[in-house]
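Data first, discussion second: the structure below is written as structure tokens.
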There are 2 protein chains.
Amino acid sequence: MAGDGGPVTLRGIAEQLGLHVSTVSRVLNGSSGEQGRAASGETARRIRELADELGYRPNPHATSLRTRRSNLVGVLFPRLSEIVVATIYEGVEEEATLRGLSTFVTNTHDDPTTQRERIGMVLGRRVDGLIIGDAHLDGAALAAPALDGTPFVLVNRRTDTGHPAVTCDDHLGGRLVAEHFLALGHRQVAVIAGEPFASTGTDRTTGFTDRYREAGLPLSAHSVRHCRFDTAGGHRAAVELLSGSDRPTAIFAVNDLAAIGTIGAARDLGLRLGEDLALAGFNDTPLAAELPVPLTSVHSPMAEQGRRAVRLLLRRIAGEPIASEVLRPDLVVRASTGTPIGPGLR
Amino acid sequence: MAGDGGPVTLRGIAEQLGLHVSTVSRVLNGSSGEQGRAASGETARRIRELADELGYRPNPHATSLRTRRSNLVGVLFPRLSEIVVATIYEGVEEEATLRGLSTFVTNTHDDPTTQRERIGMVLGRRVDGLIIGDAHLDGAALAAPALDGTPFVLVNRRTDTGHPAVTCDDHLGGRLVAEHFLALGHRQVAVIAGEPFASTGTDRTTGFTDRYREAGLPLSAHSVRHCRFDTAGGHRAAVELLSGSDRPTAIFAVNDLAAIGTIGAARDLGLRLGEDLALAGFNDTPLAAELPVPLTSVHSPMAEQGRRAVRLLLRRIAGEPIASEVLRPDLVVRASTGTPIGPGLR
DNA sequence: ATGCTCTACCCAATCGTTTGCGCCAATCGT
DNA sequence: ACGATTGGCGCAAACGATTGGGTAGAGCAT
């Protein structure tokens, strides 16, 4: 029962029991070694009993002030309204809760100024570490001097600057799609490559193009189109690709949203998916399967990335040596890549 | 330059300047009234100069401990991976940042136990208030005794228990769809109604059914199907509705995800959208426009709900009297509701 | 009786801010 | 010239928890 006269504190409990606050503190919070030495079994029992009768909850501000540990982590993402990101965050939250951490999550819209601002903001809140999901390949925002000292790990996107990261093996994902297209006999293909600063897009793209090059069918420069990671961006890019003279028979969109934009473009141009045009996306979002023509997509373990990022960060905070982790994707073939248009190629 | 020897504190600044920490505190933080009386203009200037040369950032734990105000708010949602929710959260975050608040946001999966747990968790973090986006109509989780004392407002969903809320006028949204269907001549219609505990679904449904009843065409009980707010749920419900004997010519799905599930079902049953079946969704998510057959949907101001919820909460925290707010939706007609199948009805 | 070791506690400093009050000197009113 | 202001600060007590040191008494051996 709270409300007897202000929130219940260690001191309140100590006074009611005629004990000293330090004794109560040790019983309620001390490392199990201390617990024993702090009070007799009987006293400890009385303390614990009263504490939960009163609904005692330690004041985190006081604890953090004293211990210099906040059990807070900052989480940065471009935009949570993208389902991929939101799903990663679900994993982050799940694992964080399990470990007694709370998270500040914030949208940076991939804008470097906002990124720096938000990093400053969470640092101001004295987080113990950060999980950064909006890294740009050049790692620019991570060079912020303010960051040094505070541990962080990347998730979803890596940088070229070698910060520890948990990612999907995007390069492999791209290869899987290429492999599939090749098996179907597609020789004229294109990539909707996403933003050039995001490793997800570029790695998936190079995975794909590498495989085609190995097959002796290198992609021309104009068959790789960058665009925003959303439906509108995918739509525009697809229109450009599909209205040229040498129209591709298959398109790899590096994420499902761009793929959906591509579907819109194909519709506008009168192309039938899986027949006139093969299309593959990435991330296997729940929508992929429900589309009128179900979408072939690369499945990536998103929530798992989030969980692992938390664990990795925790190890880093503890000062243990850590290494980046790469998770394995796999291809889910559906109707949008239709049937072979020619003999398989190798 | 941080790192000269621990983080920079008021005391550090005060000592370097030969002043007392209280003076520095007042200059840097005092209400503008205090600022003037705290130090001479010259002294104030020196303080401010040194403070930002050293990159001083007040320790929020110390401040919160002392002032009993954390500038933290807890935000509860069923799942952030739903785009509607994520968009509302973007509004929340934007406004919160503007007001100097930070947010803890958490997913409760609409599970009452988790809801209570998470409420306990954010309360344990000593938030100044909560924004609750996962309310159930019965308001059960909000009766938690722990909550009393901490101000909160609802967003997106209201309860029957009269807590202050910011919502879309869902009832009106449902009416708009009914109006549209009636104008197209649909007499046999059905609703995919979402979860029965969420006001969004039930209000949209009754808005719709009320209008049809007024038109002299009351819906039969089995033309209203509850389901989960996701594509799979929509799919199942649609299959049930569409494989019965008196198949509806138009379906109102109370959110876009359920609508997309319906599209999948229609596809499986060989029904052409906008021709054999009219379909309308709700929320006008970015996908709606890109679908092969663009989806008619009710547009609702989602981010704005989030922003208003923050402002409302702030007023409540300040002890001002507040009232619920209802935002106006509007209908966006696209190809999925096709052309009239008969003379318009009234 | 003396010294030792436990057990079961208590003491007090500390984390970094905020804020009511007090104090000294200079200025003002008369 | 003398008391009353007021400008410009300093003092110290909080806020609630943690933690390195006591210390008093009991029990034991010498």
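Simple scheme: letters A, B, ... for chains in structure tokens order, numbers from 1 for residues in each chain, numbers from 1 for ligands in the order shown.
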Contacts of range 191-204 of chain A at 6 Å or less, counting only C-alpha atoms (C1' of nucleotides), minus same-chain residues fewer than 6 places along, as a PyMOL selection string?
chain A and resi 136-137+157-158+170-171+174+224-229+251-254
Residues of the last selection are to be written out with all heavy atoms, as a short mmCIF file (atom, residue, chain, number, x, y, z; two decimals), in the first residue's frame.
data_model
loop_
_atom_site.label_atom_id
_atom_site.label_comp_id
_atom_site.auth_asym_id
_atom_site.auth_seq_id
_atom_site.Cartn_x
_atom_site.Cartn_y
_atom_site.Cartn_z
N HIS A 136 25.53 5.13 -40.94
CA HIS A 136 25.86 5.29 -42.35
C HIS A 136 27.21 4.63 -42.58
O HIS A 136 28.03 4.53 -41.66
CB HIS A 136 25.90 6.77 -42.71
CG HIS A 136 24.53 7.38 -42.77
ND1 HIS A 136 24.26 8.57 -43.39
CD2 HIS A 136 23.35 6.92 -42.30
CE1 HIS A 136 22.97 8.84 -43.29
NE2 HIS A 136 22.39 7.86 -42.62
N LEU A 137 27.42 4.19 -43.80
CA LEU A 137 28.64 3.44 -44.10
C LEU A 137 29.90 4.16 -43.67
O LEU A 137 30.86 3.55 -43.19
CB LEU A 137 28.71 3.16 -45.60
CG LEU A 137 28.11 1.82 -46.01
CD1 LEU A 137 28.02 1.73 -47.52
CD2 LEU A 137 28.95 0.67 -45.46
N ARG A 157 22.69 -2.23 -39.67
CA ARG A 157 23.64 -1.68 -40.63
C ARG A 157 25.03 -1.65 -40.02
O ARG A 157 25.20 -1.32 -38.86
CB ARG A 157 23.27 -0.24 -40.96
CG ARG A 157 21.92 -0.06 -41.59
CD ARG A 157 21.75 1.42 -41.87
NE ARG A 157 20.45 1.77 -42.40
CZ ARG A 157 20.03 3.03 -42.53
NH1 ARG A 157 20.84 4.02 -42.17
NH2 ARG A 157 18.85 3.30 -43.03
N ARG A 158 26.02 -1.96 -40.83
CA ARG A 158 27.40 -1.87 -40.37
C ARG A 158 28.03 -0.59 -40.94
O ARG A 158 27.40 0.10 -41.75
CB ARG A 158 28.19 -3.09 -40.85
CG ARG A 158 28.20 -3.23 -42.35
CD ARG A 158 29.07 -4.34 -42.86
NE ARG A 158 29.16 -4.21 -44.32
CZ ARG A 158 29.99 -3.39 -44.94
NH1 ARG A 158 30.83 -2.65 -44.24
NH2 ARG A 158 30.00 -3.30 -46.26
N ASP A 170 23.90 -9.69 -45.42
CA ASP A 170 23.21 -9.10 -46.56
C ASP A 170 23.85 -9.49 -47.89
O ASP A 170 23.17 -9.66 -48.90
CB ASP A 170 23.22 -7.58 -46.40
CG ASP A 170 22.34 -7.12 -45.25
OD1 ASP A 170 21.18 -7.58 -45.19
OD2 ASP A 170 22.80 -6.33 -44.42
N HIS A 171 25.15 -9.62 -47.85
CA HIS A 171 25.85 -10.00 -49.07
C HIS A 171 25.35 -11.37 -49.53
O HIS A 171 25.00 -11.57 -50.69
CB HIS A 171 27.37 -10.04 -48.77
CG HIS A 171 28.21 -10.01 -49.99
ND1 HIS A 171 28.59 -11.14 -50.65
CD2 HIS A 171 28.76 -8.97 -50.68
CE1 HIS A 171 29.34 -10.82 -51.69
NE2 HIS A 171 29.46 -9.50 -51.73
N GLY A 174 21.86 -11.20 -51.00
CA GLY A 174 21.88 -10.77 -52.39
C GLY A 174 22.26 -11.92 -53.32
O GLY A 174 21.66 -12.10 -54.39
N VAL A 224 21.46 -0.50 -61.87
CA VAL A 224 21.42 -0.41 -60.41
C VAL A 224 20.95 0.99 -60.03
O VAL A 224 21.63 1.97 -60.30
CB VAL A 224 22.81 -0.69 -59.80
CG1 VAL A 224 22.77 -0.48 -58.29
CG2 VAL A 224 23.26 -2.10 -60.12
N ARG A 225 19.78 1.04 -59.45
CA ARG A 225 19.18 2.34 -59.14
C ARG A 225 19.05 2.53 -57.63
O ARG A 225 18.46 1.71 -56.95
CB ARG A 225 17.76 2.38 -59.70
CG ARG A 225 17.65 2.79 -61.13
CD ARG A 225 17.49 4.31 -61.23
NE ARG A 225 17.06 4.71 -62.57
CZ ARG A 225 17.87 4.77 -63.63
NH1 ARG A 225 19.14 4.47 -63.50
NH2 ARG A 225 17.38 5.14 -64.79
N HIS A 226 19.60 3.64 -57.15
CA HIS A 226 19.42 3.94 -55.74
C HIS A 226 18.08 4.64 -55.53
O HIS A 226 17.56 5.27 -56.45
CB HIS A 226 20.55 4.83 -55.23
CG HIS A 226 21.83 4.07 -55.11
ND1 HIS A 226 22.09 3.23 -54.06
CD2 HIS A 226 22.91 3.99 -55.92
CE1 HIS A 226 23.28 2.67 -54.22
NE2 HIS A 226 23.80 3.11 -55.34
N CYS A 227 17.55 4.51 -54.34
CA CYS A 227 16.28 5.16 -54.03
C CYS A 227 16.05 5.15 -52.54
O CYS A 227 16.75 4.48 -51.81
CB CYS A 227 15.12 4.43 -54.71
SG CYS A 227 14.78 2.83 -53.95
N ARG A 228 15.07 5.89 -52.11
CA ARG A 228 14.71 5.85 -50.69
C ARG A 228 14.11 4.49 -50.37
O ARG A 228 13.54 3.83 -51.22
CB ARG A 228 13.69 6.95 -50.38
CG ARG A 228 14.29 8.34 -50.54
CD ARG A 228 13.41 9.35 -49.85
NE ARG A 228 13.00 8.84 -48.54
CZ ARG A 228 12.22 9.52 -47.70
NH1 ARG A 228 11.77 10.69 -48.04
NH2 ARG A 228 11.89 9.00 -46.54
N PHE A 229 14.25 4.13 -49.09
CA PHE A 229 13.74 2.83 -48.63
C PHE A 229 12.25 2.85 -48.38
O PHE A 229 11.80 2.47 -47.30
CB PHE A 229 14.40 2.48 -47.29
CG PHE A 229 15.75 1.85 -47.43
CD1 PHE A 229 16.82 2.33 -46.67
CD2 PHE A 229 15.96 0.78 -48.27
CE1 PHE A 229 18.07 1.75 -46.77
CE2 PHE A 229 17.21 0.20 -48.36
CZ PHE A 229 18.27 0.68 -47.62
N ILE A 251 13.69 -8.08 -61.36
CA ILE A 251 14.20 -7.00 -60.52
C ILE A 251 14.37 -7.49 -59.09
O ILE A 251 13.52 -8.20 -58.55
CB ILE A 251 13.22 -5.80 -60.51
CG1 ILE A 251 13.20 -5.14 -61.90
CG2 ILE A 251 13.61 -4.78 -59.45
CD1 ILE A 251 12.35 -3.88 -61.97
N PHE A 252 15.51 -7.12 -58.52
CA PHE A 252 15.75 -7.39 -57.10
C PHE A 252 15.63 -6.07 -56.36
O PHE A 252 16.41 -5.15 -56.58
CB PHE A 252 17.15 -7.99 -56.92
CG PHE A 252 17.61 -8.10 -55.49
CD1 PHE A 252 16.72 -8.38 -54.45
CD2 PHE A 252 18.96 -7.92 -55.17
CE1 PHE A 252 17.15 -8.49 -53.13
CE2 PHE A 252 19.41 -8.04 -53.86
CZ PHE A 252 18.51 -8.31 -52.84
N ALA A 253 14.62 -5.95 -55.52
CA ALA A 253 14.46 -4.75 -54.71
C ALA A 253 15.03 -5.08 -53.33
O ALA A 253 14.63 -6.08 -52.73
CB ALA A 253 13.00 -4.35 -54.60
N VAL A 254 15.94 -4.26 -52.84
CA VAL A 254 16.64 -4.63 -51.62
C VAL A 254 15.82 -4.54 -50.35
O VAL A 254 16.32 -4.87 -49.28
CB VAL A 254 17.96 -3.85 -51.44
CG1 VAL A 254 18.90 -4.11 -52.60
CG2 VAL A 254 17.68 -2.37 -51.26
#
Neighbours of range 232-234 of chain B within 6 Å (only C-alpha atoms (C1' of nucleotides); same-chain residues fewer than 2 positions away dropped), as an NGL selection string?
:B and (227-228 or 230 or 236-238 or 258 or 261-262)
Close residues, DG16 in chain C itself excluded, 7 Å, only C-alpha atoms (C1' of nucleotides), min 5 positions apart in chain, as a ChimeraX atom specification:
/B:9,59,62
Among range 153-251 of chain B, which ones does DSSP place in helix (DSSP H, G or I), written as a VMD selection string?
chain B and resid 170 to 184 199 to 214 221 to 223 231 to 242
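For chain C, the residues no farther than 12 Å from chain A when using only C-alpha atoms (C1' of nucleotides) are DC6, DT7, DA8, DC9, DC10, DC11, DA12, DA13, DT14, DC15, DG16 and DT17 of chain C.
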Go through B:Arg211, B:His61, B:Arg334, B:Arg307 one by one, measure the shortest atom-to-atom distance of each to chain D using only C-alpha atoms (C1' of nucleotides), and give the residue with the smallest value.
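Ranked by minimum distance to chain D, first place goes to B:His61.
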I need the contact residues of chain A against chain B, so if you could list those with any atom within 6 Å, counting only C-alpha atoms, and return them as a list in words, that would help.
His61, Leu65, Leu80, Ser81, Ile83, Ala86, Thr87, Phe104, Gly261, Gly264, Arg267, Glu290, Leu291 and Pro292 of chain A
Report the closest atom pair, with its distance in Å rounded to one decimal, for each residue of chain D that has an atom no farther than 12 Å from chain B; count only C-alpha atoms (C1' of nucleotides), sort by chain and then rising residue number, and write it as a tab-separated table.
residue	atom	partner	partner_atom	distance
D:DT6	C1'	B:Arg37	CA	10.1
D:DG7	C1'	B:Arg37	CA	7.3
D:DG8	C1'	B:Ala39	CA	5.6
D:DC9	C1'	B:Ala39	CA	7.0
D:DG10	C1'	B:His20	CA	6.3
D:DC11	C1'	B:His20	CA	9.3
D:DA12	C1'	B:Ser22	CA	10.6
D:DA13	C1'	B:Arg66	CA	11.6
D:DA14	C1'	B:Arg66	CA	7.8
D:DC15	C1'	B:Arg66	CA	4.3
D:DG16	C1'	B:Leu65	CA	7.4
D:DA17	C1'	B:Leu65	CA	10.4
Residues from last step as file, C-alpha atoms (C1' of nucleotides), as a PDB file, in the first residue's frame:
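The resulting again-v6.pdb:
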ATOM      1  C1'  DT D   6      19.207  45.708  -2.462  1.00  0.00           C
ATOM      2  C1'  DG D   7      22.675  43.479  -5.332  1.00  0.00           C
ATOM      3  C1'  DG D   8      25.645  39.587  -5.267  1.00  0.00           C
ATOM      4  C1'  DC D   9      26.753  35.839  -3.454  1.00  0.00           C
ATOM      5  C1'  DG D  10      27.729  31.815  -0.002  1.00  0.00           C
ATOM      6  C1'  DC D  11      25.801  28.152   3.368  1.00  0.00           C
ATOM      7  C1'  DA D  12      23.852  24.001   4.175  1.00  0.00           C
ATOM      8  C1'  DA D  13      20.187  20.908   4.047  1.00  0.00           C
ATOM      9  C1'  DA D  14      17.846  18.179   1.421  1.00  0.00           C
ATOM     10  C1'  DC D  15      16.659  14.200  -2.434  1.00  0.00           C
ATOM     11  C1'  DG D  16      17.410   8.337  -1.755  1.00  0.00           C
ATOM     12  C1'  DA D  17      20.570   5.049  -2.286  1.00  0.00           C
TER      13       DA D  17
END
Any chance you could list, as an NGL selection string, the residues in range 77-191 of chain B that come up strand (DSSP E or B) when DSSP is run on the backbone?
:B and (77 or 102-107 or 129-132 or 152-155 or 165-168 or 189-191)
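Residues in contact range of Ala309 in chain A, defined as at most 8 Å between only C-alpha atoms (C1' of nucleotides), with sequence neighbours fewer than 4 positions away removed, read Val92, Ile131, Val153, Leu154, Val155, Ala165, Val166, Gln305 and Leu313 of chain A.
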In Å, how far is it from CA of Ala288 in chain B to CA of Leu271 in chain B?
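For CA of Ala288 in chain B relative to CA of Leu271 in chain B, the distance reads 18.6 Å.
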With only C-alpha atoms (C1' of nucleotides) as the counted atoms, please give the residues lying no more than 12 Å from Arg213 in chain A, apart from itself and same-chain residues fewer than 5 positions off, as a list in words.
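Final neighbour list, sorted by chain and number: Arg175, Ala178, Glu179, Leu182, Arg187, Val189, Thr206, Gly207, Phe208, Pro218, Leu219, Ser220 and Arg346 of chain A.
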How would the residues just chosen look if you wrote them out with C-alpha atoms as a PDB file, in the first residue's frame?
ATOM      1  CA  ARG A 175      23.669 -13.836 -53.716  1.00  0.00           C
ATOM      2  CA  ALA A 178      20.954 -13.833 -57.874  1.00  0.00           C
ATOM      3  CA  GLU A 179      21.232 -17.590 -57.682  1.00  0.00           C
ATOM      4  CA  LEU A 182      19.997 -17.309 -62.657  1.00  0.00           C
ATOM      5  CA  ARG A 187      19.886 -12.603 -68.161  1.00  0.00           C
ATOM      6  CA  VAL A 189      18.216  -8.031 -64.483  1.00  0.00           C
ATOM      7  CA  THR A 206      26.990  -6.234 -54.302  1.00  0.00           C
ATOM      8  CA  GLY A 207      26.087  -9.756 -53.216  1.00  0.00           C
ATOM      9  CA  PHE A 208      23.711  -9.860 -56.115  1.00  0.00           C
ATOM     10  CA  PRO A 218      27.907  -8.283 -65.214  1.00  0.00           C
ATOM     11  CA  LEU A 219      25.216  -5.677 -64.613  1.00  0.00           C
ATOM     12  CA  SER A 220      25.516  -2.368 -66.401  1.00  0.00           C
ATOM     13  CA  ARG A 346      25.326 -21.188 -64.273  1.00  0.00           C
TER      14      ARG A 346
END
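Between CA of Glu275 in chain B and CA of Ile341 in chain B the interatomic distance comes to 8.7 Å.
Note that the spacing between CA of Gly91 in chain B and CA of Gly133 in chain B amounts to 12.7 Å.
Of the listed residues A:Leu176, A:Leu184, A:Ala280, A:Ile132, the one whose atoms come nearest to Asn156 in chain A is A:Ile132, with distances taken using only C-alpha atoms.
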Please provide the set of residues having any atom within 12 Å of Glu34 in chain A, restricted to only C-alpha atoms (C1' of nucleotides), with same-chain residues fewer than 6 positions apart removed, written as a ChimeraX atom specification.
/A:22-28,40,44 /D:19
For the residues selected in the previous step, produce a file with all heavy atoms as a PDB file, in the first residue's frame.
ATOM      1  N   SER A  22      21.389   1.420   5.981  1.00  0.00           N
ATOM      2  CA  SER A  22      22.397   0.619   5.271  1.00  0.00           C
ATOM      3  C   SER A  22      22.104  -0.867   5.417  1.00  0.00           C
ATOM      4  O   SER A  22      22.315  -1.644   4.490  1.00  0.00           O
ATOM      5  CB  SER A  22      23.790   0.936   5.800  1.00  0.00           C
ATOM      6  OG  SER A  22      23.894   0.583   7.149  1.00  0.00           O
ATOM      7  N   THR A  23      21.600  -1.236   6.555  1.00  0.00           N
ATOM      8  CA  THR A  23      21.253  -2.643   6.766  1.00  0.00           C
ATOM      9  C   THR A  23      20.147  -3.056   5.802  1.00  0.00           C
ATOM     10  O   THR A  23      20.226  -4.084   5.130  1.00  0.00           O
ATOM     11  CB  THR A  23      20.763  -2.849   8.206  1.00  0.00           C
ATOM     12  OG1 THR A  23      21.751  -2.324   9.092  1.00  0.00           O
ATOM     13  CG2 THR A  23      20.552  -4.312   8.486  1.00  0.00           C
ATOM     14  N   VAL A  24      19.143  -2.223   5.740  1.00  0.00           N
ATOM     15  CA  VAL A  24      18.028  -2.513   4.858  1.00  0.00           C
ATOM     16  C   VAL A  24      18.510  -2.575   3.411  1.00  0.00           C
ATOM     17  O   VAL A  24      18.155  -3.475   2.653  1.00  0.00           O
ATOM     18  CB  VAL A  24      16.939  -1.434   4.999  1.00  0.00           C
ATOM     19  CG1 VAL A  24      15.779  -1.723   4.066  1.00  0.00           C
ATOM     20  CG2 VAL A  24      16.471  -1.355   6.436  1.00  0.00           C
ATOM     21  N   SER A  25      19.332  -1.624   3.050  1.00  0.00           N
ATOM     22  CA  SER A  25      19.847  -1.593   1.690  1.00  0.00           C
ATOM     23  C   SER A  25      20.556  -2.893   1.343  1.00  0.00           C
ATOM     24  O   SER A  25      20.320  -3.501   0.310  1.00  0.00           O
ATOM     25  CB  SER A  25      20.813  -0.424   1.521  1.00  0.00           C
ATOM     26  OG  SER A  25      21.506  -0.529   0.300  1.00  0.00           O
ATOM     27  N   ARG A  26      21.416  -3.335   2.249  1.00  0.00           N
ATOM     28  CA  ARG A  26      22.185  -4.550   1.949  1.00  0.00           C
ATOM     29  C   ARG A  26      21.290  -5.763   1.813  1.00  0.00           C
ATOM     30  O   ARG A  26      21.483  -6.606   0.939  1.00  0.00           O
ATOM     31  CB  ARG A  26      23.237  -4.774   3.023  1.00  0.00           C
ATOM     32  CG  ARG A  26      24.503  -3.971   2.745  1.00  0.00           C
ATOM     33  CD  ARG A  26      25.595  -4.250   3.746  1.00  0.00           C
ATOM     34  NE  ARG A  26      25.829  -3.081   4.578  1.00  0.00           N
ATOM     35  CZ  ARG A  26      26.884  -2.265   4.418  1.00  0.00           C
ATOM     36  NH1 ARG A  26      27.782  -2.513   3.478  1.00  0.00           N
ATOM     37  NH2 ARG A  26      27.024  -1.221   5.172  1.00  0.00           N
ATOM     38  N   VAL A  27      20.312  -5.846   2.668  1.00  0.00           N
ATOM     39  CA  VAL A  27      19.415  -6.999   2.594  1.00  0.00           C
ATOM     40  C   VAL A  27      18.638  -6.991   1.281  1.00  0.00           C
ATOM     41  O   VAL A  27      18.531  -7.996   0.598  1.00  0.00           O
ATOM     42  CB  VAL A  27      18.434  -6.996   3.775  1.00  0.00           C
ATOM     43  CG1 VAL A  27      17.316  -8.004   3.537  1.00  0.00           C
ATOM     44  CG2 VAL A  27      19.161  -7.298   5.058  1.00  0.00           C
ATOM     45  N   LEU A  28      18.124  -5.814   0.939  1.00  0.00           N
ATOM     46  CA  LEU A  28      17.261  -5.737  -0.233  1.00  0.00           C
ATOM     47  C   LEU A  28      18.032  -5.766  -1.537  1.00  0.00           C
ATOM     48  O   LEU A  28      17.509  -6.194  -2.571  1.00  0.00           O
ATOM     49  CB  LEU A  28      16.437  -4.463  -0.150  1.00  0.00           C
ATOM     50  CG  LEU A  28      14.975  -4.576   0.280  1.00  0.00           C
ATOM     51  CD1 LEU A  28      14.718  -5.792   1.112  1.00  0.00           C
ATOM     52  CD2 LEU A  28      14.521  -3.310   0.964  1.00  0.00           C
ATOM     53  N   SER A  40      20.738 -10.822  10.466  1.00  0.00           N
ATOM     54  CA  SER A  40      20.366 -12.189  10.821  1.00  0.00           C
ATOM     55  C   SER A  40      19.205 -12.624   9.930  1.00  0.00           C
ATOM     56  O   SER A  40      18.488 -11.792   9.375  1.00  0.00           O
ATOM     57  CB  SER A  40      19.920 -12.237  12.274  1.00  0.00           C
ATOM     58  OG  SER A  40      18.697 -11.535  12.418  1.00  0.00           O
ATOM     59  N   ALA A  44      16.397 -10.150   8.318  1.00  0.00           N
ATOM     60  CA  ALA A  44      16.263 -10.080   6.869  1.00  0.00           C
ATOM     61  C   ALA A  44      14.823 -10.379   6.461  1.00  0.00           C
ATOM     62  O   ALA A  44      14.247  -9.704   5.607  1.00  0.00           O
ATOM     63  CB  ALA A  44      17.219 -11.063   6.201  1.00  0.00           C
TER      64      ALA A  44
ATOM     65  P    DT D  19      27.566  -0.220  -4.203  1.00  0.00           P
ATOM     66  OP1  DT D  19      28.180  -0.088  -5.529  1.00  0.00           O
ATOM     67  OP2  DT D  19      26.833  -1.433  -3.829  1.00  0.00           O
ATOM     68  O5'  DT D  19      28.689   0.033  -3.116  1.00  0.00           O
ATOM     69  C5'  DT D  19      29.251   1.334  -3.001  1.00  0.00           C
ATOM     70  C4'  DT D  19      30.119   1.396  -1.766  1.00  0.00           C
ATOM     71  O4'  DT D  19      29.387   1.990  -0.664  1.00  0.00           O
ATOM     72  C3'  DT D  19      30.600   0.039  -1.252  1.00  0.00           C
ATOM     73  O3'  DT D  19      31.926   0.218  -0.783  1.00  0.00           O
ATOM     74  C2'  DT D  19      29.676  -0.253  -0.086  1.00  0.00           C
ATOM     75  C1'  DT D  19      29.531   1.163   0.473  1.00  0.00           C
ATOM     76  N1   DT D  19      28.348   1.410   1.327  1.00  0.00           N
ATOM     77  C2   DT D  19      28.399   2.481   2.186  1.00  0.00           C
ATOM     78  O2   DT D  19      29.356   3.226   2.279  1.00  0.00           O
ATOM     79  N3   DT D  19      27.263   2.659   2.950  1.00  0.00           N
ATOM     80  C4   DT D  19      26.128   1.874   2.934  1.00  0.00           C
ATOM     81  O4   DT D  19      25.178   2.138   3.669  1.00  0.00           O
ATOM     82  C5   DT D  19      26.141   0.771   2.011  1.00  0.00           C
ATOM     83  C7   DT D  19      24.959  -0.141   1.912  1.00  0.00           C
ATOM     84  C6   DT D  19      27.234   0.592   1.261  1.00  0.00           C
TER      85       DT D  19
END
